[in-house]
Structure formats: C-alpha cells, structure tokens
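Participant: One file is attached below, coords-v7.txt, containing compact mmCIF, C-alpha atoms and all ligand atoms.
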# COMPACT_ATOMS: atom_id res chain seq x y z
CA MET Z 1 -19.26 15.20 27.16
CA THR Z 2 -18.05 17.72 24.57
CA ASN Z 3 -15.68 20.51 25.41
CA ALA Z 4 -15.49 23.17 22.71
CA THR Z 5 -12.06 24.42 23.79
CA GLU Z 6 -10.44 20.99 23.44
CA PRO Z 7 -11.81 19.77 20.12
CA PHE Z 8 -9.26 16.95 19.72
CA ASP Z 9 -9.72 15.34 23.15
CA ALA Z 10 -12.53 12.95 22.24
CA LEU Z 11 -10.34 11.02 19.77
CA MET Z 12 -7.84 8.51 21.10
CA ASP Z 13 -4.40 10.02 20.76
CA ILE Z 14 -2.79 7.31 18.62
CA THR Z 15 -0.40 9.42 16.55
CA ALA Z 16 1.06 12.94 16.36
CA ARG Z 17 -1.13 15.02 14.07
CA PRO Z 18 -0.81 18.68 13.03
CA PRO Z 19 -3.64 20.76 14.55
CA ALA Z 20 -5.26 21.50 11.15
CA VAL Z 21 -8.70 20.02 10.40
CA PHE Z 22 -9.22 19.03 6.77
CA VAL Z 23 -12.55 19.86 5.22
CA LYS Z 24 -12.28 19.50 1.45
CA GLY Z 25 -10.27 17.71 -1.21
CA GLU Z 26 -10.14 17.96 -4.98
CA GLY Z 27 -7.62 16.19 -7.18
CA ALA Z 28 -4.09 16.99 -6.01
CA TYR Z 29 -5.28 19.45 -3.35
CA LEU Z 30 -6.62 19.44 0.20
CA TRP Z 31 -8.05 22.39 2.16
CA ASP Z 32 -8.13 22.88 5.92
CA ASP Z 33 -10.80 24.71 7.92
CA SER Z 34 -8.87 27.99 7.76
CA GLY Z 35 -9.09 27.88 3.95
CA LYS Z 36 -5.40 27.02 3.48
CA ARG Z 37 -4.70 24.86 0.42
CA TYR Z 38 -2.17 22.00 0.39
CA LEU Z 39 -0.59 20.20 -2.58
CA ASP Z 40 -0.84 16.55 -1.54
CA PHE Z 41 1.96 14.08 -2.29
CA MET Z 42 0.73 11.56 0.31
CA GLN Z 43 -2.85 11.16 -0.89
CA GLY Z 44 -4.08 9.40 2.22
CA TRP Z 45 -1.04 7.07 2.20
CA ALA Z 46 -1.24 6.04 -1.47
CA VAL Z 47 -5.00 5.59 -1.16
CA ASN Z 48 -6.46 8.23 -3.48
CA CYS Z 49 -5.17 6.83 -6.75
CA LEU Z 50 -7.34 9.27 -8.72
CA GLY Z 51 -6.80 12.20 -6.33
CA HIS Z 52 -9.18 13.59 -3.73
CA SER Z 53 -12.92 13.00 -4.19
CA PRO Z 54 -12.77 12.05 -7.88
CA ALA Z 55 -16.10 12.46 -9.69
CA ILE Z 56 -16.17 8.85 -10.89
CA VAL Z 57 -15.98 7.55 -7.29
CA ALA Z 58 -18.43 10.16 -5.94
CA ASP Z 59 -20.90 9.33 -8.75
CA ALA Z 60 -20.59 5.56 -8.24
CA LEU Z 61 -21.21 5.99 -4.50
CA ALA Z 62 -24.18 8.31 -5.07
CA ARG Z 63 -25.76 5.97 -7.60
CA GLN Z 64 -25.24 2.82 -5.54
CA SER Z 65 -26.28 4.44 -2.25
CA LYS Z 66 -29.74 5.06 -3.69
CA LEU Z 67 -30.04 1.46 -4.95
CA LEU Z 68 -28.73 -0.85 -2.23
CA LEU Z 69 -26.32 -0.56 0.71
CA THR Z 70 -26.15 -3.95 2.41
CA PRO Z 71 -28.39 -6.86 1.45
CA SER Z 72 -26.46 -9.18 3.86
CA PRO Z 73 -23.08 -10.84 3.41
CA ALA Z 74 -25.01 -14.10 3.01
CA PHE Z 75 -26.50 -12.90 -0.32
CA PHE Z 76 -24.90 -12.12 -3.67
CA ASN Z 77 -24.90 -8.51 -4.86
CA GLU Z 78 -24.15 -7.15 -8.32
CA PRO Z 79 -21.24 -4.72 -7.67
CA SER Z 80 -19.21 -7.36 -5.78
CA LEU Z 81 -19.78 -9.94 -8.53
CA LYS Z 82 -18.76 -7.44 -11.21
CA LEU Z 83 -15.69 -6.25 -9.34
CA ALA Z 84 -14.55 -9.80 -8.57
CA ARG Z 85 -14.92 -10.75 -12.24
CA ALA Z 86 -12.98 -7.64 -13.33
CA LEU Z 87 -10.14 -8.33 -10.87
CA VAL Z 88 -9.92 -11.94 -12.03
CA ALA Z 89 -9.98 -10.88 -15.70
CA ASN Z 90 -7.09 -8.46 -15.10
CA SER Z 91 -4.85 -10.75 -13.02
CA CYS Z 92 -3.50 -14.31 -12.74
CA PHE Z 93 -5.97 -15.09 -9.93
CA ASP Z 94 -9.27 -16.97 -10.03
CA GLN Z 95 -11.20 -15.99 -6.92
CA VAL Z 96 -11.63 -12.94 -4.70
CA PHE Z 97 -12.69 -12.31 -1.09
CA PHE Z 98 -13.41 -8.66 -0.28
CA ALA Z 99 -12.31 -7.05 2.97
CA ASN Z 100 -12.59 -3.61 4.57
CA SER Z 101 -8.92 -2.87 5.24
CA GLY Z 102 -5.51 -4.03 4.11
CA ALA Z 103 -4.77 -5.67 7.44
CA GLU Z 104 -8.01 -7.64 7.19
CA ALA Z 105 -7.13 -8.80 3.67
CA ASN Z 106 -3.70 -9.92 4.91
CA GLU Z 107 -5.28 -11.62 7.91
CA GLY Z 108 -7.37 -13.52 5.36
CA ALA Z 109 -4.26 -14.40 3.34
CA ILE Z 110 -2.61 -15.79 6.49
CA LYS Z 111 -5.72 -17.84 7.31
CA LEU Z 112 -5.95 -19.11 3.71
CA ALA Z 113 -2.31 -20.23 3.80
CA ARG Z 114 -2.83 -21.99 7.15
CA LYS Z 115 -5.93 -23.67 5.75
CA TYR Z 116 -3.88 -24.82 2.76
CA GLY Z 117 -1.24 -26.18 5.13
CA ALA Z 118 -3.87 -28.02 7.15
CA LYS Z 119 -5.45 -29.50 4.02
CA HIS Z 120 -2.48 -30.23 1.80
CA LYS Z 121 0.77 -30.05 3.79
CA GLY Z 122 0.28 -32.07 6.96
CA GLY Z 123 -0.53 -29.10 9.19
CA ALA Z 124 2.33 -26.85 8.04
CA PHE Z 125 1.56 -23.32 9.23
CA GLU Z 126 4.70 -21.19 9.16
CA ILE Z 127 4.76 -18.24 6.80
CA ILE Z 128 8.20 -16.84 6.08
CA SER Z 129 8.01 -13.04 6.02
CA PHE Z 130 10.68 -10.34 5.84
CA VAL Z 131 12.69 -8.01 8.03
CA GLY Z 132 11.38 -4.50 7.36
CA GLY Z 133 8.05 -5.78 6.04
CA PHE Z 134 4.73 -4.18 6.98
CA HIS Z 135 1.44 -6.03 6.72
CA GLY Z 136 -0.93 -4.16 9.04
CA ARG Z 137 -1.96 -3.63 12.65
CA THR Z 138 -4.04 -6.63 13.65
CA LEU Z 139 -2.24 -9.02 15.98
CA ALA Z 140 -1.38 -11.56 13.25
CA THR Z 141 -0.36 -8.93 10.68
CA MET Z 142 1.83 -7.14 13.25
CA SER Z 143 3.42 -10.53 13.92
CA ALA Z 144 3.99 -11.03 10.19
CA SER Z 145 5.52 -7.55 9.93
CA GLY Z 146 9.25 -7.18 10.37
CA LYS Z 147 9.06 -3.72 11.87
CA LYS Z 148 11.47 -3.13 14.74
CA ALA Z 149 9.08 -0.82 16.64
CA PHE Z 150 6.43 -3.60 16.72
CA GLU Z 151 8.74 -6.12 18.40
CA PRO Z 152 8.08 -5.24 22.06
CA LEU Z 153 4.36 -4.60 21.56
CA PHE Z 154 1.33 -6.73 22.50
CA GLU Z 155 3.21 -9.84 23.52
CA PRO Z 156 2.80 -12.70 23.02
CA LYS Z 157 2.67 -12.32 19.25
CA VAL Z 158 1.02 -14.78 16.89
CA ALA Z 159 3.59 -17.55 16.32
CA GLY Z 160 4.82 -18.83 12.98
CA PHE Z 161 6.37 -15.90 11.10
CA PRO Z 162 10.14 -16.48 10.80
CA LYS Z 163 11.87 -13.52 9.13
CA ALA Z 164 14.12 -13.65 6.08
CA ARG Z 165 15.97 -10.73 4.48
CA LEU Z 166 14.73 -9.07 1.30
CA ASN Z 167 16.76 -9.87 -1.84
CA ASP Z 168 18.62 -12.64 0.02
CA LEU Z 169 17.38 -16.00 -1.27
CA ASP Z 170 19.66 -17.99 1.05
CA SER Z 171 18.04 -16.36 4.08
CA VAL Z 172 14.70 -17.73 2.82
CA LYS Z 173 16.11 -21.20 2.07
CA GLN Z 174 17.53 -21.46 5.59
CA LEU Z 175 14.08 -20.97 7.13
CA ILE Z 176 12.23 -23.57 5.05
CA SER Z 177 11.20 -26.66 7.01
CA ASP Z 178 8.34 -29.16 6.99
CA LYS Z 179 6.38 -26.57 9.02
CA THR Z 180 6.58 -23.99 6.21
CA VAL Z 181 3.48 -23.37 4.11
CA ALA Z 182 4.09 -19.97 2.46
CA VAL Z 183 6.34 -16.99 1.86
CA MET Z 184 4.79 -13.52 2.15
CA LEU Z 185 6.26 -10.21 1.03
CA GLU Z 186 5.67 -6.71 -0.24
CA PRO Z 187 7.27 -6.40 -3.70
CA ILE Z 188 8.39 -2.94 -2.55
CA GLN Z 189 8.66 -2.48 1.23
CA GLY Z 190 6.70 0.77 1.57
CA GLU Z 191 6.58 1.66 5.27
CA ALA Z 192 10.21 0.61 5.71
CA GLY Z 193 11.21 3.41 3.32
CA VAL Z 194 10.53 2.12 -0.22
CA TRP Z 195 12.94 -0.82 -0.53
CA PRO Z 196 12.20 -2.80 -3.72
CA ALA Z 197 12.61 -6.54 -4.12
CA THR Z 198 14.51 -7.00 -7.37
CA ASP Z 199 12.70 -8.65 -10.28
CA GLN Z 200 15.37 -11.36 -10.18
CA PHE Z 201 14.75 -12.01 -6.47
CA LEU Z 202 11.02 -12.30 -7.13
CA ARG Z 203 11.63 -14.79 -9.95
CA GLU Z 204 14.05 -16.83 -7.81
CA LEU Z 205 11.61 -16.74 -4.91
CA ARG Z 206 8.83 -17.99 -7.18
CA ALA Z 207 11.03 -20.86 -8.40
CA LEU Z 208 12.09 -21.72 -4.83
CA THR Z 209 8.54 -21.72 -3.44
CA GLU Z 210 7.33 -23.82 -6.38
CA ALA Z 211 10.12 -26.35 -5.86
CA HIS Z 212 9.08 -26.74 -2.19
CA GLY Z 213 5.32 -26.66 -2.81
CA LEU Z 214 4.97 -23.39 -0.88
CA LEU Z 215 2.45 -20.64 -1.55
CA LEU Z 216 3.81 -17.25 -2.61
CA ILE Z 217 1.79 -14.38 -1.13
CA VAL Z 218 2.35 -10.85 -2.46
CA ASP Z 219 1.06 -7.98 -0.34
CA GLU Z 220 0.27 -5.42 -3.04
CA ILE Z 221 -1.75 -3.18 -0.78
CA GLN Z 222 0.62 -0.30 -1.53
CA THR Z 223 2.11 -1.42 -4.89
CA GLY Z 224 -1.11 -2.60 -6.55
CA MET Z 225 -3.76 -0.75 -8.57
CA GLY Z 226 -1.35 0.92 -10.98
CA ARG Z 227 0.93 2.49 -8.36
CA THR Z 228 4.14 1.19 -9.98
CA GLY Z 229 3.06 1.72 -13.61
CA LYS Z 230 1.56 -1.74 -14.11
CA LEU Z 231 -1.80 -2.73 -12.67
CA PHE Z 232 -0.04 -5.08 -10.22
CA HIS Z 233 3.65 -5.01 -9.35
CA TYR Z 234 4.13 -8.78 -9.81
CA GLN Z 235 3.56 -8.23 -13.55
CA HIS Z 236 6.94 -6.42 -13.82
CA SER Z 237 8.81 -9.63 -13.00
CA GLY Z 238 6.56 -11.95 -14.98
CA ILE Z 239 5.88 -14.23 -11.99
CA GLU Z 240 2.47 -15.58 -11.01
CA PRO Z 241 1.97 -15.61 -7.23
CA ASP Z 242 -0.62 -17.88 -5.55
CA ILE Z 243 -2.19 -15.22 -3.35
CA MET Z 244 -2.32 -11.41 -3.55
CA THR Z 245 -3.79 -8.78 -1.25
CA LEU Z 246 -5.00 -5.36 -2.34
CA GLY Z 247 -6.10 -2.34 -0.31
CA LYS Z 248 -5.39 1.38 -0.31
CA GLY Z 249 -5.85 2.39 -4.00
CA ILE Z 250 -8.48 -0.25 -4.80
CA GLY Z 251 -11.29 1.90 -3.37
CA GLY Z 252 -9.98 5.24 -4.68
CA GLY Z 253 -10.48 6.72 -1.18
CA VAL Z 254 -13.09 4.46 0.43
CA PRO Z 255 -12.44 1.46 2.72
CA LEU Z 256 -12.14 -1.53 0.41
CA ALA Z 257 -9.56 -4.32 0.24
CA ALA Z 258 -9.33 -7.72 -1.39
CA LEU Z 259 -7.77 -11.14 -1.04
CA LEU Z 260 -7.17 -12.89 -4.37
CA ALA Z 261 -6.11 -16.49 -4.89
CA THR Z 262 -5.52 -18.92 -7.70
CA GLU Z 263 -7.94 -21.81 -7.98
CA HIS Z 264 -5.27 -24.10 -6.53
CA ALA Z 265 -4.75 -21.95 -3.41
CA SER Z 266 -8.39 -20.96 -2.91
CA CYS Z 267 -9.35 -23.58 -0.31
CA PHE Z 268 -11.64 -21.91 2.26
CA GLU Z 269 -14.66 -23.98 3.25
CA HIS Z 270 -17.95 -22.73 4.63
CA GLY Z 271 -17.42 -21.19 8.06
CA ASP Z 272 -13.73 -20.38 7.60
CA GLN Z 273 -14.04 -16.76 6.51
CA GLY Z 274 -16.63 -13.99 6.42
CA GLY Z 275 -17.53 -10.54 7.73
CA THR Z 276 -20.54 -8.27 8.00
CA PHE Z 277 -19.49 -5.57 5.55
CA ASN Z 278 -17.28 -7.73 3.33
CA GLY Z 279 -18.16 -7.24 -0.32
CA ASN Z 280 -20.83 -4.66 0.44
CA PRO Z 281 -22.23 -3.13 -2.77
CA LEU Z 282 -21.42 0.47 -1.86
CA MET Z 283 -17.66 0.01 -1.60
CA CYS Z 284 -17.55 -2.49 -4.47
CA ALA Z 285 -19.34 0.02 -6.73
CA ALA Z 286 -16.57 2.52 -5.97
CA GLY Z 287 -13.91 -0.15 -6.55
CA LEU Z 288 -15.43 -1.08 -9.90
CA ALA Z 289 -15.42 2.56 -11.06
CA VAL Z 290 -11.76 2.89 -10.02
CA LEU Z 291 -10.67 -0.35 -11.68
CA GLU Z 292 -12.44 0.46 -14.97
CA HIS Z 293 -10.54 3.76 -15.01
CA VAL Z 294 -7.10 2.55 -13.89
CA ALA Z 295 -6.90 -0.78 -15.75
CA THR Z 296 -6.47 0.72 -19.21
CA PRO Z 297 -3.16 0.74 -21.12
CA HIS Z 298 -3.48 4.49 -21.64
CA PHE Z 299 -3.90 5.28 -17.93
CA LEU Z 300 -1.12 2.93 -16.83
CA LYS Z 301 1.24 4.39 -19.44
CA SER Z 302 0.55 7.92 -18.22
CA THR Z 303 1.19 6.79 -14.62
CA ALA Z 304 4.48 5.19 -15.62
CA ASP Z 305 5.46 8.38 -17.49
CA ALA Z 306 4.57 10.57 -14.49
CA GLY Z 307 6.69 8.24 -12.34
CA LEU Z 308 9.68 8.63 -14.67
CA PHE Z 309 9.28 12.41 -14.63
CA LEU Z 310 9.08 12.53 -10.81
CA GLU Z 311 12.09 10.20 -10.58
CA SER Z 312 14.19 12.39 -12.91
CA GLN Z 313 13.21 15.56 -11.03
CA LEU Z 314 14.13 13.95 -7.69
CA GLN Z 315 17.47 12.81 -9.13
CA LYS Z 316 18.24 16.37 -10.25
CA LEU Z 317 17.27 17.69 -6.82
CA SER Z 318 19.46 15.07 -5.16
CA ALA Z 319 22.47 15.98 -7.31
CA ARG Z 320 21.95 19.69 -6.66
CA HIS Z 321 21.85 19.25 -2.87
CA GLY Z 322 24.26 16.35 -2.46
CA LEU Z 323 21.60 13.90 -1.29
CA GLY Z 324 21.41 10.13 -1.82
CA GLU Z 325 19.64 7.73 -4.17
CA VAL Z 326 16.09 7.77 -5.52
CA ARG Z 327 14.42 4.38 -4.95
CA GLY Z 328 11.19 2.73 -6.02
CA ARG Z 329 9.08 2.35 -9.13
CA GLY Z 330 6.32 4.27 -10.86
CA LEU Z 331 4.69 6.65 -8.38
CA LEU Z 332 6.02 4.98 -5.25
CA LEU Z 333 9.41 6.65 -4.83
CA ALA Z 334 11.73 7.59 -1.99
CA LEU Z 335 14.55 10.11 -1.80
CA ASP Z 336 17.45 9.20 0.48
CA LEU Z 337 18.33 12.35 2.45
CA LYS Z 338 21.55 10.86 3.93
CA LEU Z 339 20.74 12.81 7.14
CA PRO Z 340 17.88 12.42 9.67
CA ILE Z 341 16.11 15.59 8.47
CA GLY Z 342 12.92 13.98 7.12
CA ALA Z 343 10.59 15.15 9.90
CA SER Z 344 11.92 18.71 9.73
CA ILE Z 345 11.42 18.84 5.95
CA VAL Z 346 7.89 17.45 6.28
CA ALA Z 347 7.04 20.14 8.89
CA GLN Z 348 8.45 22.96 6.74
CA ALA Z 349 6.67 21.67 3.64
CA PHE Z 350 3.41 21.50 5.62
CA ALA Z 351 3.84 25.17 6.57
CA GLU Z 352 4.40 25.94 2.86
CA GLY Z 353 1.24 24.03 1.90
CA VAL Z 354 2.84 20.84 0.55
CA LEU Z 355 2.09 17.44 2.12
CA LEU Z 356 5.04 15.02 2.18
CA ASN Z 357 5.80 11.85 4.14
CA SER Z 358 8.97 10.68 5.85
CA PRO Z 359 8.61 6.95 6.58
CA GLN Z 360 12.14 6.86 8.01
CA PRO Z 361 14.15 9.76 9.53
CA ASP Z 362 16.51 9.88 6.52
CA ALA Z 363 14.02 9.39 3.68
CA LEU Z 364 11.08 11.09 2.02
CA ARG Z 365 8.39 9.00 0.32
CA PHE Z 366 6.32 10.25 -2.63
CA MET Z 367 2.94 8.68 -3.40
CA PRO Z 368 0.88 11.27 -5.31
CA ALA Z 369 -2.32 10.54 -7.18
CA LEU Z 370 -1.67 8.36 -10.24
CA ASN Z 371 -3.02 11.17 -12.44
CA VAL Z 372 -0.65 13.78 -10.96
CA THR Z 373 0.39 16.38 -13.55
CA ALA Z 374 3.88 17.57 -14.51
CA ASP Z 375 2.98 21.03 -13.18
CA GLU Z 376 2.02 19.57 -9.79
CA ILE Z 377 5.28 17.60 -9.67
CA SER Z 378 7.27 20.73 -10.56
CA ALA Z 379 5.49 22.76 -7.85
CA MET Z 380 6.34 20.15 -5.21
CA ILE Z 381 9.98 19.97 -6.41
CA ASP Z 382 10.27 23.80 -6.24
CA CYS Z 383 9.02 23.78 -2.65
CA LEU Z 384 11.45 21.01 -1.69
CA ASP Z 385 14.29 22.83 -3.47
CA THR Z 386 13.68 26.00 -1.39
CA ILE Z 387 13.53 24.02 1.86
CA LEU Z 388 16.72 22.12 1.03
CA LEU Z 389 18.53 25.36 0.10
CA LYS Z 390 17.64 26.78 3.52
CA ALA Z 391 18.67 23.56 5.27
CA GLY Z 392 22.00 23.60 3.40
CA ALA Z 393 22.61 27.25 4.31
CA ALA Z 394 21.81 26.43 7.95
CA ARG Z 395 24.29 23.54 7.90
CA ARG Z 396 27.00 25.77 6.39
CA VAL Z 397 26.45 28.43 9.09
CA ALA Z 398 26.45 25.87 11.92
C1 LIG B 401 -1.10 0.05 4.42
C2 LIG B 401 -0.59 -1.34 4.28
C3 LIG B 401 -1.19 -2.41 4.96
C4 LIG B 401 -2.33 -2.21 5.95
O1 LIG B 401 -3.47 -1.72 5.36
P1 LIG B 401 -4.62 -1.07 6.29
O2 LIG B 401 -5.71 -0.72 5.34
O3 LIG B 401 -4.00 0.11 6.97
O4 LIG B 401 -5.00 -2.11 7.27
C5 LIG B 401 -0.69 -3.67 4.75
N1 LIG B 401 0.33 -3.88 3.89
C6 LIG B 401 0.91 -2.89 3.22
C7 LIG B 401 2.01 -3.20 2.26
C8 LIG B 401 0.49 -1.57 3.39
O5 LIG B 401 1.09 -0.59 2.73
The structure in this file should be written as structure tokens.

Facilitator:
Amino acid sequence: MTNATEPFDALMDITARPPAVFVKGEGAYLWDDSGKRYLDFMQGWAVNCLGHSPAIVADALARQSKLLLTPSPAFFNEPSLKLARALVANSCFDQVFFANSGAEANEGAIKLARKYGAKHKGGAFEIISFVGGFHGRTLATMSASGKKAFEPLFEPKVAGFPKARLNDLDSVKQLISDKTVAVMLEPIQGEAGVWPATDQFLRELRALTEAHGLLLIVDEIQTGMGRTGKLFHYQHSGIEPDIMTLGKGIGGGVPLAALLATEHASCFEHGDQGGTFNGNPLMCAAGLAVLEHVATPHFLKSTADAGLFLESQLQKLSARHGLGEVRGRGLLLALDLKLPIGASIVAQAFAEGVLLNSPQPDALRFMPALNVTADEISAMIDCLDTILLKAGAARRVA
C-alpha cells in the first residue's frame, strides 16, 4: 500500500538519512529532487572511483546490456574472463572469484581459508582479525569485524575470530595456535576512522604468517583500486598476501566485488562456492572499463598527487583551527577533530551543499573520486574552513 504523504515509510528504517532524495550525479556532484547541488567527498562510501555516472561505466553497461546479461553462472562469459585476467595481470594473485558485495567477497575469503585449513592444516579454522576492523554485515563478516557496536548483536556469532591489535605484532603472536589458519586485516582500517597499518607491521606480519604457514588475507575493499595512490595498498609495503578482497571502487558505482587468491591458496573444489549473479557479464563489463582506466601509471600518479594536495590542505586547516592529525594515504584520509563535533560538521556541510563523512564522533573521513580536481578540493576546504570558524567562535562565546 503506498501512502504519498509518507514517501519513506516503505523502506526499512536501517539508518538515519537526511530527507533529501537524490536524482542525478555527474563527476564530483550530486543533485537532489529540489535541484540542490552537492559537492561529494563521500562518493557512495569510496565507491565511485571515477565520480558519479562516469561515461566509461555508463557506456560499458549500455553496450553489454544489449549483448548479454546473464547466461548462467554455470557458463563462461567474456567480460568475467577478461576482468579476471586483467586483475591477475595487475596483481600478485592467480585466480579470481567474483562476488556482488564486499561482505560476500570476505565471506568467500573466510570460506577459502577454512577450506585451506581443512585440506592442509589438520582442520585449523581460526582467522586472527583485528580490534577496530570492519569486514561487512553478514554474520561471519560481522564476527570477523572488531567493531564495538557489533559485539552485542545477533548472538551467537560465528566462532573462530580472535582479535589482535593493529600494529602490535606480539598481540598477533599470542593468538597463534594449531587452530590458526589465517590472519585477516584491512591495510587501513576505514570504518574505524582511517587507522593505517604501518608498512613495517605489514612486512613483519607477512614474515610471521609465512613462518607459521598461515594465510595472509588483505581486505582491500576500501583501499584497493587506486584509492591509496597504488592500484592495491599491499604494493606500498612490497609484501605479497595470499588472499585479497576487492569491492567498492572495483565497479565504479555498480555492485561488483572480487576474491583473489594465489595458486597456492586457491583450493575451492566443485560445490564449495558459487552464486547466481557472481561474475555476471554486466557488472564485469563495468569493472573491466574501470580497471583499464585506473590501472595506468598516469592515472595512479594523478591520484597520488591529488591525495598529497588534499593532505596538505587538511594539514593547513588543522593548524589554523587547532585540530589534530591528518591520517591515511592517497585519497583515503581522515582529519582528527580532537572534539566530538563530526556529526555537527557533517550536518552543516550538508546544508551548505558539501557531502562529508564522520566515521567516528571526533574524525572526518575524505574519500572523493580518484579524479577529483584541485578546484574541487579547494571548494570543500573553503566550506570546512567557514564551518570551523563558526564552531570556534561559538566555543569562544560559550
Ligand atoms: C565497505 C567494506 C566492506 C563491506 O562491503 P559491502 O559491499 O558493504 O558488503 C568490507 N570491508 C571493508 C574494508 C569495507 O570498507
């Protein structure tokens, strides 16, 4: 039953949303149904790596939609073969399984590790994950996450995810037993507020997992696809993980995700893994168009440069307003506000037509399109500067 006066009632109320309805996107901008324009520094949660509705994705979808949508997951199709080959050619991995969301890709990574444990490590099944980590909203990925708010939810959780602390190798060592099969982490904890693992920690973790015959799983759903200035974050530290998951940016705005594994770790047998829409040609055609665009030295260099510019502008802003550190890498950055004013800043910026995100009460996270321009960065900084001036004046009066 529809009720025209309560247009939002038919959707489950799963999060607080502003009452605007978004109708159009182009590059760095979104428009709502009143015609108001917003400069977008969230980009669908780091999803739209080429901005809103980029022509190369729209064209790939249009072309593929007229050719073939879903032959059946039991048949090969060209776009998925091409995209898998391109991902393999651009990474240290040998095989790919496509998924429809990040959580599903991580669920696959967890299953692959457990399969490996069953086959090669006497039934070992525990996967050491990290306090503050976020891996998705299925039952197993919530269990793997180290998010405080998840702890009381949907008990009993999936067992077998002891939690270590990021950048603390001893905390990992202490959890290793003959039940351990893998260690899983985000190279930069995104939802927790952009907390990077150091390159040294990643190298030590790789050496430790190798010494114990454990799989190293990197969740690059947020850090992958050029976000940090290299195609994949693990390339900064020079390590080679056994398993990687991708999501968000890989589809450039459409639901696509991937599970990648080295030949050694890739041990699924028939019947272990599958899915109706997994590897469907429509999404893979979009993914291929995105990858061909992003995986060029020129594009990655311009992303890294834009990241450095945003970082320097945020540092200036922080110094001017007495705020805290700027964290992160490339175009995944956070500004420490030192005070729990994140939500208030996000609301004021929204009113001013700038979309920002506050993953924690005292931090702002910036995840613009990878092709964001210096002018767009400056416009966002100006808006933030005005809001912070007002907030400072209010604090001085109070
Ligand atoms: C967003 C995210 C996920 C979950 O992806 P969905 O597509 O929302 O299921 C998992 N891990 C990380 C690091 C993420 O940022």

Participant: Would you list the contacts of Phe8 in chain Z as a PDB file with C-alpha atoms, keeping the file's coordinate frame, taking every protein, DNA or RNA residue within 9 Å and counting only C-alpha atoms, but skipping same-chain residues closer than 4 positions in sequence?

Facilitator:
ATOM      1  CA  MET Z  12      -7.840   8.510  21.100  1.00  0.00           C
ATOM      2  CA  ASP Z  13      -4.400  10.020  20.760  1.00  0.00           C
ATOM      3  CA  PRO Z  19      -3.640  20.760  14.550  1.00  0.00           C
TER       4      PRO Z  19
END

Participant: Counting only C-alpha atoms and all ligand atoms, what are the residues, protein, DNA or RNA alike, that approach ligand LIG 401 (chain B) to within 7 Å? I want them as a list in words.

Facilitator: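 Answer in the requested format: Ser101, Gly102, Ala103, Glu104, Asn106, Phe134, His135, Gly136, Arg137, Glu186, Gln189, Gly190, Glu191, Asp219, Glu220, Ile221, Gln222, Gly247 and Lys248 of chain Z.
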
Participant: Between CA of Leu208 in chain Z and CA of Ala159 in chain Z, what is the spacing in Å?

Facilitator: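 CA of Leu208 in chain Z lies 23.2 Å from CA of Ala159 in chain Z.
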
Participant: Which value, in Å to one decimal, gives the distance between CA of Gly51 in chain Z and CA of Glu26 in chain Z?

Facilitator: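 The value is 6.8 Å.
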
Participant: Using all atoms listed in the file, which of Z:Cys284, Z:Val172, Z:Ile381, Z:Ala86 sits nearest Leu310 in chain Z?

Facilitator: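 Ranking Z:Cys284, Z:Val172, Z:Ile381, Z:Ala86 by distance to Leu310 in chain Z, first place goes to Z:Ile381.
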
Participant: Could you list, with a cut-off of 9 Å and counting all atoms listed in the file, the residues of range 183-250 of chain Z near range 112-125 of chain Z, each shown with its nearest atom pair and the distance in Å rounded to one decimal, rows sorted by chain and ascending number, as a Markdown table?

Facilitator:
| residue | atom | partner | partner_atom | distance |
| --- | --- | --- | --- | --- |
| Z:Gly213 | CA | Z:Lys121 | CA | 8.7 |
| Z:Leu215 | CA | Z:Ala113 | CA | 7.2 |
| Z:Ile217 | CA | Z:Ala113 | CA | 8.7 |
| Z:Ile243 | CA | Z:Ala113 | CA | 8.7 |

Participant: Mind working out the centre and edge lengths of an axis-aligned box for range 44-57 of chain Z, all listed atoms inside, 5 Å added to each side, rounded to one decimal in Å and written as AutoDock Vina command-line options?

Facilitator:
--center_x -8.6 --center_y 9.6 --center_z -4.3 --size_x 25.1 --size_y 18.0 --size_z 23.1

Participant: Which residues are near Thr180 in chain Z? Cut-off 8 Å, only C-alpha atoms, ignore same chain within fewer than 3 positions. Put them as a list in words.

Facilitator: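 The residues satisfying every condition are Ala124, Phe125, Glu126, Ile127, Ile128, Ile176, Ser177 and Leu214 of chain Z.
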
Participant: Give me the residues near Asn100 in chain Z as a ChimeraX atom specification, where near means some atom within 8 Å (using all atoms listed in the file) and where sequence neighbours in that chain fewer than 4 positions away do not count.

Facilitator: /Z:104-105,255-258,277-278

Participant: Do you have, as CSV, the list of residues of range 165-269 of chain Z lying at most 7 Å from range 329-336 of chain Z, each with its nearest atom pair and that distance in Å to one decimal, counting only C-alpha atoms and ordered by chain then number?

Facilitator:
residue,atom,partner,partner_atom,distance
Z:Gly193,CA,Z:Ala334,CA,6.8
Z:Val194,CA,Z:Ala334,CA,5.9
Z:Arg227,CA,Z:Leu331,CA,5.6
Z:Thr228,CA,Z:Gly330,CA,3.9
Z:Gly229,CA,Z:Gly330,CA,5.0

Participant: Have a look at CA of Asp40 in chain Z and CA of Ala363 in chain Z and let me know their distance in Å, one decimal.

Facilitator: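 These atoms are spaced 17.3 Å apart.
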
Participant: Pick from Z:Pro297, Z:Gly25, Z:Pro361, Z:Gly274: nearest to Gly226 in chain Z, with only C-alpha atoms counted?

Facilitator: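 For Gly226 in chain Z, the nearest of the given residues is Z:Pro297.
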